[in-house]
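**Q** Quick one: the structure is below, and I'll ask about it shortly.
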Amino acid sequence: AALSEAIASAEGLGACQTFGTDSSVSALYVSRDIGSDGTQVKFEVSFELAWKPTYAGSVAVIKRVPVIDTHEPVARQVQAMNLPGPASVSGNNEAFTAASAADADTEHVGGSSSVNPYEALHAFMRFAVSPYFNAYVSAKEKAEQQHDGPGGHRDDKDAQQGVPMAKKKLAELELSLLHLQQNVDIPETVLNIHPDIARTVADCRQRQQRATVDAVDPELLLDSGFLNQLQGDVNGWIKEIQKVAKLDREPASGTTSQEINFWVSMERALERIEEQLQSDEIVLTMDVLKAAKRFHATVSFRTDTGLKEAAERVTRYNVLMKDFPVNELLAATDIGRISFSIEQIFAHINKKLKLTAYPVRRALPLVEAISRDFNGQLIKVLSH
């Protein structure tokens, strides 16, 4: 009933009419929203998608012709695709959910049960778009071979270069979506700044002056409540930074890409934390506490966070992880490329392990993960 009402409304009818008659409009989305109580359902017909927590999913109706011909069956002129949303885990959303990817070892950090759009898109690519493309290309090639005969020769550069390149790009897109799906979410650390400190720094910037303790209201420097708040902020910073600095993952689980992405993401996260610690607001906070002789909050700050040790470890590991040529293997479309990529991978490992202290206890599971990726890619190529 709610869907019929949405389509029959003035906005819905107008959108449908425009979709059918306007050649510049190629897609129409019928979206479903679920209320916070999980029972109220609302449908919307529009030309754009909006991602929000109550979005349960959409059906994308895509035209195959510029203008809908009313004398022909509509089913021949359009195609539809289900697009899941974050609220589609509800039991009443079967029509708007998409197939999940077959990679069961994907890590879902944080325990969220909401739909992962990268997972859905990867499933579309792996189980629909790529097989559809490969089936058509194979049938076309067989038909052309039968037409030209065993000794026939086709001087068709598009066929010789375009199809393999398209296969490679599809494989790379599938791989990119898998990487996004497998990325371990490193918590975004945002260090809380006291409003008076933020205001002082803003005033100094406006006057184009360096933010120093002298710029802080003298009464605040004598206010124990203010100083206690700053000290509490510093203690909070330590806990927030430790959440990232102490992160690790079990190398025996998951894929090669997950190990690589984890350490590369860790490096970026630690760099963002370091940038915050160098900011005027953080420096001024520490200077105020030092001036107030609150040394126990400042002297061991760096040591307590574990940031230095974490940064050194990540730097050592990323000597191996950066420029790791695993993508060549995962995007390979034939046996020759697989063989070449394996040679590249082990040449990279042999070279980098001489330069870095990447532990043997991690290196062995990493090689096992490479073997699993090799096996999976080999089966995938041979099955095609």
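Residues are referred to by chain and number: the chain letter is A, B, ... according to the order shown in the structure tokens, the number counts from 1 in that chain, and ligands are numbered separately from 1 in the order shown.
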Applying 12 Å and only C-alpha atoms, which residues near Ser300 (chain A) remain after dropping the ones on its own chain fewer than 5 positions away? List them as a list in words.
**A**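 Answer for this query is Val234, Asn235, Ile238, Met286, Arg294, Phe295, Thr305, Gly306 and Leu307 of chain A.
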**Q** Using only C-alpha atoms, which of the listed residues (A:Val314, A:Ala171, A:Ile241, A:Ala215) sits closest to Leu329 (chain A)?
**A**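 Of A:Val314, A:Ala171, A:Ile241, A:Ala215, the one nearest Leu329 (chain A) is A:Ala171, counting only C-alpha atoms.
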**Q** What parts of region 229-364 of chain A does DSSP call alpha helix (DSSP H)? I'd like the answer as a ChimeraX atom specification.
**A** /A:229-245,256-277,280-291,301-305,307-321,326-330,335-352,360-364
**Q** Within region 4-61 of chain A, find each residue whose DSSP state, derived from the backbone, is strand (DSSP E or B), and express the selection as a list of chain:residue names.
**A**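 Assigned to strand (DSSP E or B), within region 4-61 of chain A: A:Ala27, A:Leu28, A:Tyr29, A:Val30, A:Ser31, A:Arg32, A:Asp33, A:Ile34, A:Val41, A:Lys42, A:Phe43, A:Glu44, A:Val45, A:Ser46, A:Tyr55, A:Ala56, A:Gly57, A:Ser58, A:Val59, A:Ala60, A:Val61.
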**Q** Which residue, A:Gln181, A:Ser31, A:Gln209, A:Gln17, has the smallest gap to Tyr55 (chain A) when you use only C-alpha atoms?
**A** A:Ser31
**Q** Could you check the closest approach to Leu221 (chain A) for each of A:Val163, A:Ala347, A:Val288, A:Ile338 and tell me which residue wins, using only C-alpha atoms?
**A** A:Val288
**Q** If we count only C-alpha atoms and set the cut-off at 7 Å, which residues sit around region 2-5 of chain A, ignoring sequence neighbours fewer than 3 positions away in its own chain? Please answer as a JSON list (two decimals) with N, CA and C atoms, in the first residue's frame.
**A**
[["chain", "number", "residue", "atom", "x", "y", "z"],
["A", 8, "ALA", "N", 1.64, 6.66, -6.86],
["A", 8, "ALA", "CA", 0.43, 7.35, -7.31],
["A", 8, "ALA", "C", 0.38, 8.80, -6.88],
["A", 9, "SER", "N", 1.29, 9.23, -6.02],
["A", 9, "SER", "CA", 1.31, 10.63, -5.58],
["A", 9, "SER", "C", 1.72, 11.53, -6.74],
["A", 42, "LYS", "N", 8.32, 4.06, 4.58],
["A", 42, "LYS", "CA", 8.04, 5.15, 3.65],
["A", 42, "LYS", "C", 8.79, 4.90, 2.35],
["A", 43, "PHE", "N", 8.09, 5.08, 1.22],
["A", 43, "PHE", "CA", 8.70, 4.92, -0.10],
["A", 43, "PHE", "C", 8.85, 6.28, -0.76]]
**Q** Just to confirm, what's the straight-line distance from CA of Ser341 (chain A) to CA of Val319 (chain A) in Å (one decimal)?
**A**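 CA of Val319 (chain A) lies 19.2 Å from CA of Ser341 (chain A).
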**Q** At a cut-off of 9 Å, using only C-alpha atoms, what residues contact Phe19 (chain A)? Leave out same-chain residues fewer than 6 positions from it and give the result as number ranges by chain.
**A** A: 25-28, 47, 63, 67-68
**Q** Output all heavy atoms for every residue in that selection, as an mmCIF file, in the first residue's frame.
**A**
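Now in result_6.cif:
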data_model
loop_
_atom_site.group_PDB
_atom_site.id
_atom_site.type_symbol
_atom_site.label_atom_id
_atom_site.label_comp_id
_atom_site.auth_asym_id
_atom_site.auth_seq_id
_atom_site.Cartn_x
_atom_site.Cartn_y
_atom_site.Cartn_z
ATOM 1 N N VAL A 25 17.116 11.512 -18.878
ATOM 2 C CA VAL A 25 16.966 10.812 -17.596
ATOM 3 C C VAL A 25 17.055 9.316 -17.864
ATOM 4 O O VAL A 25 16.198 8.749 -18.540
ATOM 5 C CB VAL A 25 15.624 11.162 -16.917
ATOM 6 C CG1 VAL A 25 15.463 10.376 -15.619
ATOM 7 C CG2 VAL A 25 15.538 12.659 -16.642
ATOM 8 N N SER A 26 18.081 8.678 -17.335
ATOM 9 C CA SER A 26 18.322 7.268 -17.636
ATOM 10 C C SER A 26 17.946 6.328 -16.500
ATOM 11 O O SER A 26 17.821 5.121 -16.715
ATOM 12 C CB SER A 26 19.801 7.052 -17.979
ATOM 13 O OG SER A 26 20.159 7.817 -19.116
ATOM 14 N N ALA A 27 17.786 6.857 -15.279
ATOM 15 C CA ALA A 27 17.516 5.967 -14.143
ATOM 16 C C ALA A 27 16.491 6.601 -13.203
ATOM 17 O O ALA A 27 16.423 7.816 -13.046
ATOM 18 C CB ALA A 27 18.802 5.657 -13.393
ATOM 19 N N LEU A 28 15.716 5.729 -12.580
ATOM 20 C CA LEU A 28 14.718 6.125 -11.588
ATOM 21 C C LEU A 28 14.892 5.218 -10.373
ATOM 22 O O LEU A 28 15.090 4.007 -10.518
ATOM 23 C CB LEU A 28 13.306 5.965 -12.157
ATOM 24 C CG LEU A 28 12.140 6.419 -11.270
ATOM 25 C CD1 LEU A 28 12.116 7.935 -11.151
ATOM 26 C CD2 LEU A 28 10.812 5.913 -11.847
ATOM 27 N N PHE A 47 15.134 10.747 -8.630
ATOM 28 C CA PHE A 47 16.199 10.551 -9.624
ATOM 29 C C PHE A 47 17.577 10.478 -8.975
ATOM 30 O O PHE A 47 18.580 10.319 -9.669
ATOM 31 C CB PHE A 47 16.186 11.689 -10.645
ATOM 32 C CG PHE A 47 14.887 11.808 -11.399
ATOM 33 C CD1 PHE A 47 14.131 12.961 -11.320
ATOM 34 C CD2 PHE A 47 14.408 10.750 -12.164
ATOM 35 C CE1 PHE A 47 12.935 13.069 -12.005
ATOM 36 C CE2 PHE A 47 13.213 10.851 -12.845
ATOM 37 C CZ PHE A 47 12.466 12.013 -12.766
ATOM 38 N N LYS A 63 16.744 2.682 -17.847
ATOM 39 C CA LYS A 63 16.209 2.586 -19.209
ATOM 40 C C LYS A 63 17.248 2.000 -20.160
ATOM 41 O O LYS A 63 18.427 2.324 -20.088
ATOM 42 C CB LYS A 63 15.792 3.978 -19.707
ATOM 43 C CG LYS A 63 14.465 4.453 -19.194
ATOM 44 C CD LYS A 63 13.953 5.658 -19.966
ATOM 45 C CE LYS A 63 14.864 6.851 -19.863
ATOM 46 N NZ LYS A 63 14.247 8.072 -20.432
ATOM 47 N N VAL A 67 13.632 6.800 -24.825
ATOM 48 C CA VAL A 67 12.263 7.153 -24.422
ATOM 49 C C VAL A 67 11.429 5.869 -24.393
ATOM 50 O O VAL A 67 11.534 5.029 -25.307
ATOM 51 C CB VAL A 67 11.629 8.175 -25.399
ATOM 52 C CG1 VAL A 67 10.184 8.455 -25.017
ATOM 53 C CG2 VAL A 67 12.444 9.469 -25.412
ATOM 54 N N ILE A 68 10.614 5.716 -23.377
ATOM 55 C CA ILE A 68 9.779 4.526 -23.248
ATOM 56 C C ILE A 68 8.674 4.545 -24.302
ATOM 57 O O ILE A 68 7.949 5.538 -24.452
ATOM 58 C CB ILE A 68 9.137 4.444 -21.844
ATOM 59 C CG1 ILE A 68 10.224 4.332 -20.772
ATOM 60 C CG2 ILE A 68 8.182 3.272 -21.754
ATOM 61 C CD1 ILE A 68 11.052 3.076 -20.846
#
**Q** To one decimal in Å, tell me the separation between CA of Thr333 (chain A) and CA of Gln145 (chain A).
**A**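 Between CA of Thr333 (chain A) and CA of Gln145 (chain A) the gap is 21.2 Å.
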**Q** Using only C-alpha atoms, find the one residue out of A:Thr189, A:Thr212, A:Gln344, A:Gln229 that sits nearest to Arg268 (chain A).
**A**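 The shortest atom-to-atom distance to Arg268 (chain A) comes from A:Thr189.
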**Q** Please identify all polymer residues within 10 Å of region 353-360 of chain A, counting only C-alpha atoms, omitting same-chain residues fewer than 2 positions from it, and present them as a list in words.
**A**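 In the requested format, the answer is Arg313, Val314, Thr315, Arg316, Tyr317, Asn318, Val319, Leu320, Met321, His348, Ile349, Asn350, Lys351, Arg362, Ala363, Leu364, Pro365 and Leu366 of chain A.
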**Q** Take the residues just selected and output them with all heavy atoms as a compact mmCIF listing (two decimals), in the first residue's frame.
**A**
# COMPACT_ATOMS: atom_id res chain seq x y z
N ARG A 313 57.38 0.60 14.95
CA ARG A 313 56.99 -0.72 14.47
C ARG A 313 56.32 -0.64 13.11
O ARG A 313 56.65 -1.41 12.18
CB ARG A 313 56.04 -1.37 15.47
CG ARG A 313 55.56 -2.75 15.05
CD ARG A 313 54.63 -3.37 16.06
NE ARG A 313 53.45 -2.55 16.30
CZ ARG A 313 52.31 -3.01 16.81
NH1 ARG A 313 52.20 -4.28 17.13
NH2 ARG A 313 51.30 -2.20 17.01
N VAL A 314 55.41 0.32 12.95
CA VAL A 314 54.70 0.47 11.68
C VAL A 314 55.66 0.84 10.56
O VAL A 314 55.56 0.32 9.44
CB VAL A 314 53.59 1.54 11.83
CG1 VAL A 314 53.03 1.92 10.46
CG2 VAL A 314 52.47 1.03 12.73
N THR A 315 56.62 1.70 10.86
CA THR A 315 57.60 2.08 9.85
C THR A 315 58.43 0.88 9.40
O THR A 315 58.69 0.71 8.20
CB THR A 315 58.54 3.17 10.41
OG1 THR A 315 57.76 4.33 10.78
CG2 THR A 315 59.58 3.58 9.37
N ARG A 316 58.82 0.04 10.36
CA ARG A 316 59.60 -1.17 10.01
C ARG A 316 58.77 -2.11 9.14
O ARG A 316 59.25 -2.60 8.11
CB ARG A 316 60.05 -1.90 11.28
CG ARG A 316 61.08 -1.19 12.10
CD ARG A 316 61.74 -2.16 13.08
NE ARG A 316 60.76 -2.87 13.90
CZ ARG A 316 60.30 -2.46 15.07
NH1 ARG A 316 60.74 -1.30 15.56
NH2 ARG A 316 59.43 -3.19 15.76
N TYR A 317 57.53 -2.35 9.53
CA TYR A 317 56.69 -3.29 8.79
C TYR A 317 56.37 -2.78 7.39
O TYR A 317 56.28 -3.55 6.43
CB TYR A 317 55.40 -3.54 9.55
CG TYR A 317 55.54 -4.38 10.81
CD1 TYR A 317 56.80 -4.73 11.30
CD2 TYR A 317 54.42 -4.81 11.52
CE1 TYR A 317 56.94 -5.48 12.45
CE2 TYR A 317 54.56 -5.57 12.67
CZ TYR A 317 55.81 -5.90 13.13
OH TYR A 317 55.94 -6.65 14.27
N ASN A 318 56.21 -1.47 7.26
CA ASN A 318 55.79 -0.91 5.97
C ASN A 318 56.92 -0.85 4.95
O ASN A 318 56.67 -0.55 3.78
CB ASN A 318 55.15 0.47 6.16
CG ASN A 318 53.69 0.36 6.53
OD1 ASN A 318 53.05 -0.66 6.29
ND2 ASN A 318 53.13 1.40 7.11
N VAL A 319 58.14 -1.12 5.37
CA VAL A 319 59.21 -1.31 4.39
C VAL A 319 58.86 -2.48 3.48
O VAL A 319 59.09 -2.46 2.27
CB VAL A 319 60.56 -1.56 5.10
CG1 VAL A 319 61.63 -1.97 4.09
CG2 VAL A 319 60.99 -0.33 5.87
N LEU A 320 58.23 -3.50 4.07
CA LEU A 320 57.79 -4.66 3.31
C LEU A 320 56.43 -4.42 2.65
O LEU A 320 56.20 -4.80 1.50
CB LEU A 320 57.71 -5.88 4.22
CG LEU A 320 57.14 -7.17 3.60
CD1 LEU A 320 58.03 -7.67 2.47
CD2 LEU A 320 56.97 -8.25 4.67
N MET A 321 55.52 -3.78 3.38
CA MET A 321 54.14 -3.67 2.91
C MET A 321 53.95 -2.68 1.76
O MET A 321 53.13 -2.91 0.87
CB MET A 321 53.22 -3.27 4.08
CG MET A 321 53.17 -4.31 5.18
SD MET A 321 52.68 -5.92 4.52
CE MET A 321 53.18 -7.00 5.85
N HIS A 348 60.04 -9.36 -4.35
CA HIS A 348 59.82 -8.24 -3.43
C HIS A 348 60.09 -8.67 -1.99
O HIS A 348 60.77 -7.96 -1.23
CB HIS A 348 58.38 -7.74 -3.57
CG HIS A 348 58.02 -6.64 -2.62
ND1 HIS A 348 58.27 -5.31 -2.88
CD2 HIS A 348 57.41 -6.68 -1.40
CE1 HIS A 348 57.84 -4.58 -1.86
NE2 HIS A 348 57.32 -5.39 -0.95
N ILE A 349 59.57 -9.83 -1.60
CA ILE A 349 59.75 -10.32 -0.23
C ILE A 349 61.24 -10.57 0.06
O ILE A 349 61.76 -10.15 1.11
CB ILE A 349 58.94 -11.61 0.00
CG1 ILE A 349 57.44 -11.30 -0.03
CG2 ILE A 349 59.32 -12.26 1.33
CD1 ILE A 349 56.54 -12.52 0.09
N ASN A 350 61.92 -11.24 -0.84
CA ASN A 350 63.34 -11.54 -0.64
C ASN A 350 64.17 -10.27 -0.50
O ASN A 350 65.12 -10.21 0.31
CB ASN A 350 63.88 -12.38 -1.80
CG ASN A 350 63.33 -13.79 -1.79
OD1 ASN A 350 62.93 -14.31 -0.75
ND2 ASN A 350 63.27 -14.41 -2.97
N LYS A 351 63.82 -9.26 -1.27
CA LYS A 351 64.56 -8.00 -1.22
C LYS A 351 64.27 -7.22 0.06
O LYS A 351 65.19 -6.75 0.75
CB LYS A 351 64.21 -7.15 -2.45
CG LYS A 351 64.88 -5.79 -2.47
CD LYS A 351 64.45 -4.99 -3.70
CE LYS A 351 65.06 -3.60 -3.69
NZ LYS A 351 64.61 -2.80 -4.87
N ARG A 362 55.36 -13.47 11.67
CA ARG A 362 54.35 -12.85 10.79
C ARG A 362 54.62 -13.20 9.33
O ARG A 362 53.70 -13.28 8.53
CB ARG A 362 54.32 -11.33 10.96
CG ARG A 362 54.01 -10.82 12.34
CD ARG A 362 53.72 -9.33 12.34
NE ARG A 362 52.40 -9.06 11.79
CZ ARG A 362 51.31 -8.89 12.52
NH1 ARG A 362 51.37 -8.96 13.84
NH2 ARG A 362 50.14 -8.65 11.93
N ALA A 363 55.89 -13.38 8.99
CA ALA A 363 56.26 -13.65 7.60
C ALA A 363 55.71 -14.99 7.13
O ALA A 363 55.23 -15.12 5.99
CB ALA A 363 57.77 -13.61 7.43
N LEU A 364 55.76 -16.01 7.99
CA LEU A 364 55.27 -17.33 7.59
C LEU A 364 53.76 -17.33 7.32
O LEU A 364 53.32 -17.82 6.28
CB LEU A 364 55.64 -18.36 8.66
CG LEU A 364 57.15 -18.63 8.82
CD1 LEU A 364 57.40 -19.63 9.95
CD2 LEU A 364 57.75 -19.13 7.51
N PRO A 365 52.93 -16.76 8.22
CA PRO A 365 51.50 -16.67 7.90
C PRO A 365 51.22 -15.80 6.68
O PRO A 365 50.25 -16.04 5.96
CB PRO A 365 50.89 -16.05 9.16
CG PRO A 365 51.85 -16.35 10.26
CD PRO A 365 53.19 -16.33 9.60
N LEU A 366 52.08 -14.79 6.43
CA LEU A 366 51.91 -13.95 5.25
C LEU A 366 52.11 -14.78 3.98
O LEU A 366 51.34 -14.65 3.01
CB LEU A 366 52.90 -12.79 5.27
CG LEU A 366 52.87 -11.85 4.06
CD1 LEU A 366 51.53 -11.14 3.96
CD2 LEU A 366 54.01 -10.83 4.14
**Q** One decimal, Å: what's the distance from CA of Leu222 (chain A) over to CA of Ala297 (chain A), could you say?
**A**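 Calculated distance between CA of Leu222 (chain A) and CA of Ala297 (chain A) is 16.9 Å.
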**Q** So that I can check the surroundings of Ser176 (chain A), please list as a list in words every protein, DNA and RNA residue that reaches within 12 Å of it, counting only C-alpha atoms and ignoring chain neighbours fewer than 6 positions away.
**A**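 Close residues of Ser176 (chain A): Tyr118, Glu119, Leu121, His122, Met125, Arg126, Lys169, Leu170, Gln182, Asn183, Ser257, Asn261, Asn327, Leu330 and Ala331 of chain A.
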**Q** Filtering to all heavy atoms, could you give me those residues as a compact mmCIF listing (two decimals), in the first residue's frame?
**A**
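Final output, saved to result.txt:
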# COMPACT_ATOMS: atom_id res chain seq x y z
N TYR A 118 30.28 -1.77 0.04
CA TYR A 118 31.39 -2.32 -0.74
C TYR A 118 31.19 -3.82 -0.95
O TYR A 118 31.52 -4.38 -2.00
CB TYR A 118 32.71 -2.08 -0.03
CG TYR A 118 33.03 -0.62 0.21
CD1 TYR A 118 33.45 -0.17 1.45
CD2 TYR A 118 32.90 0.31 -0.81
CE1 TYR A 118 33.74 1.17 1.67
CE2 TYR A 118 33.18 1.65 -0.61
CZ TYR A 118 33.60 2.08 0.64
OH TYR A 118 33.88 3.40 0.84
N GLU A 119 30.65 -4.50 0.06
CA GLU A 119 30.40 -5.93 -0.04
C GLU A 119 29.35 -6.22 -1.10
O GLU A 119 29.49 -7.14 -1.91
CB GLU A 119 29.94 -6.46 1.32
CG GLU A 119 29.73 -7.96 1.38
CD GLU A 119 29.34 -8.42 2.76
OE1 GLU A 119 29.63 -7.70 3.74
OE2 GLU A 119 28.76 -9.51 2.87
N LEU A 121 28.49 -4.23 -3.67
CA LEU A 121 29.02 -3.88 -4.99
C LEU A 121 30.01 -4.94 -5.47
O LEU A 121 30.04 -5.28 -6.66
CB LEU A 121 29.70 -2.51 -4.93
CG LEU A 121 28.76 -1.31 -4.75
CD1 LEU A 121 29.56 -0.05 -4.47
CD2 LEU A 121 27.88 -1.13 -5.97
N HIS A 122 30.82 -5.46 -4.56
CA HIS A 122 31.75 -6.52 -4.92
C HIS A 122 31.00 -7.77 -5.38
O HIS A 122 31.39 -8.44 -6.34
CB HIS A 122 32.66 -6.85 -3.73
CG HIS A 122 33.60 -7.99 -3.99
ND1 HIS A 122 33.36 -9.27 -3.56
CD2 HIS A 122 34.77 -8.04 -4.67
CE1 HIS A 122 34.34 -10.06 -3.94
NE2 HIS A 122 35.22 -9.34 -4.62
N MET A 125 29.72 -7.22 -8.89
CA MET A 125 30.79 -7.33 -9.88
C MET A 125 31.22 -8.79 -10.07
O MET A 125 31.35 -9.27 -11.19
CB MET A 125 32.01 -6.50 -9.43
CG MET A 125 31.83 -5.01 -9.55
SD MET A 125 31.54 -4.49 -11.27
CE MET A 125 32.96 -5.21 -12.08
N ARG A 126 31.42 -9.50 -8.96
CA ARG A 126 31.98 -10.84 -9.04
C ARG A 126 30.98 -11.87 -9.57
O ARG A 126 31.36 -12.77 -10.33
CB ARG A 126 32.48 -11.27 -7.66
CG ARG A 126 33.10 -12.66 -7.66
CD ARG A 126 33.82 -12.96 -6.39
NE ARG A 126 34.49 -14.25 -6.44
CZ ARG A 126 35.25 -14.75 -5.47
NH1 ARG A 126 35.43 -14.04 -4.37
NH2 ARG A 126 35.82 -15.93 -5.59
N LYS A 169 40.38 -4.38 -16.40
CA LYS A 169 39.77 -3.28 -15.65
C LYS A 169 38.65 -3.79 -14.74
O LYS A 169 38.50 -3.32 -13.61
CB LYS A 169 39.23 -2.21 -16.61
CG LYS A 169 40.29 -1.49 -17.42
CD LYS A 169 41.24 -0.71 -16.52
CE LYS A 169 42.26 0.07 -17.34
NZ LYS A 169 43.24 0.78 -16.48
N LEU A 170 37.87 -4.74 -15.24
CA LEU A 170 36.81 -5.31 -14.39
C LEU A 170 37.42 -6.04 -13.20
O LEU A 170 36.91 -5.94 -12.08
CB LEU A 170 35.95 -6.27 -15.22
CG LEU A 170 34.99 -5.64 -16.23
CD1 LEU A 170 34.34 -6.72 -17.08
CD2 LEU A 170 33.93 -4.81 -15.53
N GLN A 182 37.63 -5.14 2.84
CA GLN A 182 38.50 -5.82 3.79
C GLN A 182 39.28 -4.87 4.68
O GLN A 182 39.87 -5.30 5.66
CB GLN A 182 39.49 -6.71 3.03
CG GLN A 182 38.84 -7.90 2.35
CD GLN A 182 39.86 -8.74 1.60
OE1 GLN A 182 40.92 -8.26 1.24
NE2 GLN A 182 39.54 -10.00 1.37
N ASN A 183 39.29 -3.59 4.34
CA ASN A 183 40.06 -2.64 5.14
C ASN A 183 39.64 -2.68 6.59
O ASN A 183 38.45 -2.63 6.92
CB ASN A 183 39.88 -1.21 4.60
CG ASN A 183 40.74 -0.95 3.39
OD1 ASN A 183 41.62 -1.73 3.06
ND2 ASN A 183 40.49 0.16 2.71
N SER A 257 46.02 -8.95 1.35
CA SER A 257 45.62 -7.55 1.26
C SER A 257 45.24 -6.98 2.62
O SER A 257 45.50 -5.81 2.92
CB SER A 257 44.44 -7.40 0.30
OG SER A 257 44.80 -7.78 -1.00
N ASN A 261 46.91 -3.72 4.03
CA ASN A 261 46.07 -2.55 4.27
C ASN A 261 46.08 -2.14 5.73
O ASN A 261 45.99 -0.94 6.05
CB ASN A 261 44.63 -2.84 3.83
CG ASN A 261 44.50 -3.01 2.34
OD1 ASN A 261 45.37 -2.56 1.60
ND2 ASN A 261 43.45 -3.67 1.89
N ASN A 327 48.51 -6.95 -5.87
CA ASN A 327 47.41 -6.60 -6.78
C ASN A 327 47.59 -7.22 -8.16
O ASN A 327 46.61 -7.54 -8.85
CB ASN A 327 47.29 -5.08 -6.92
CG ASN A 327 46.68 -4.45 -5.69
OD1 ASN A 327 46.30 -5.16 -4.76
ND2 ASN A 327 46.61 -3.14 -5.66
N LEU A 330 46.08 -10.66 -7.80
CA LEU A 330 44.63 -10.69 -7.60
C LEU A 330 43.86 -10.18 -8.82
O LEU A 330 42.68 -10.47 -8.97
CB LEU A 330 44.26 -9.87 -6.36
CG LEU A 330 44.87 -10.36 -5.05
CD1 LEU A 330 44.48 -9.45 -3.90
CD2 LEU A 330 44.46 -11.80 -4.75
N ALA A 331 44.53 -9.41 -9.68
CA ALA A 331 43.87 -8.90 -10.89
C ALA A 331 44.27 -9.68 -12.14
O ALA A 331 43.86 -9.32 -13.24
CB ALA A 331 44.18 -7.41 -11.08
**Q** Ranking A:Gln208, A:Thr303, A:Ser130, A:Ser46 by minimum distance to Leu173 (chain A) and counting only C-alpha atoms, which one comes first?
**A** A:Ser130
**Q** Fewer than 5 positions away in the same chain doesn't count, so skip those; otherwise give me all residues within 12 Å of Val30 (chain A), counting only C-alpha atoms, as a PyMOL selection string.
**A** chain A and resi 2-4+6-7+12+15-16+42-50+55-62+80-84+95-96
**Q** Measuring atom to atom with only C-alpha atoms, identify which of A:Leu277, A:Ile197, A:Ala245, A:Ala292 is nearest to Leu227 (chain A).
**A**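 Of A:Leu277, A:Ile197, A:Ala245, A:Ala292, the one nearest Leu227 (chain A) is A:Ala292, counting only C-alpha atoms.
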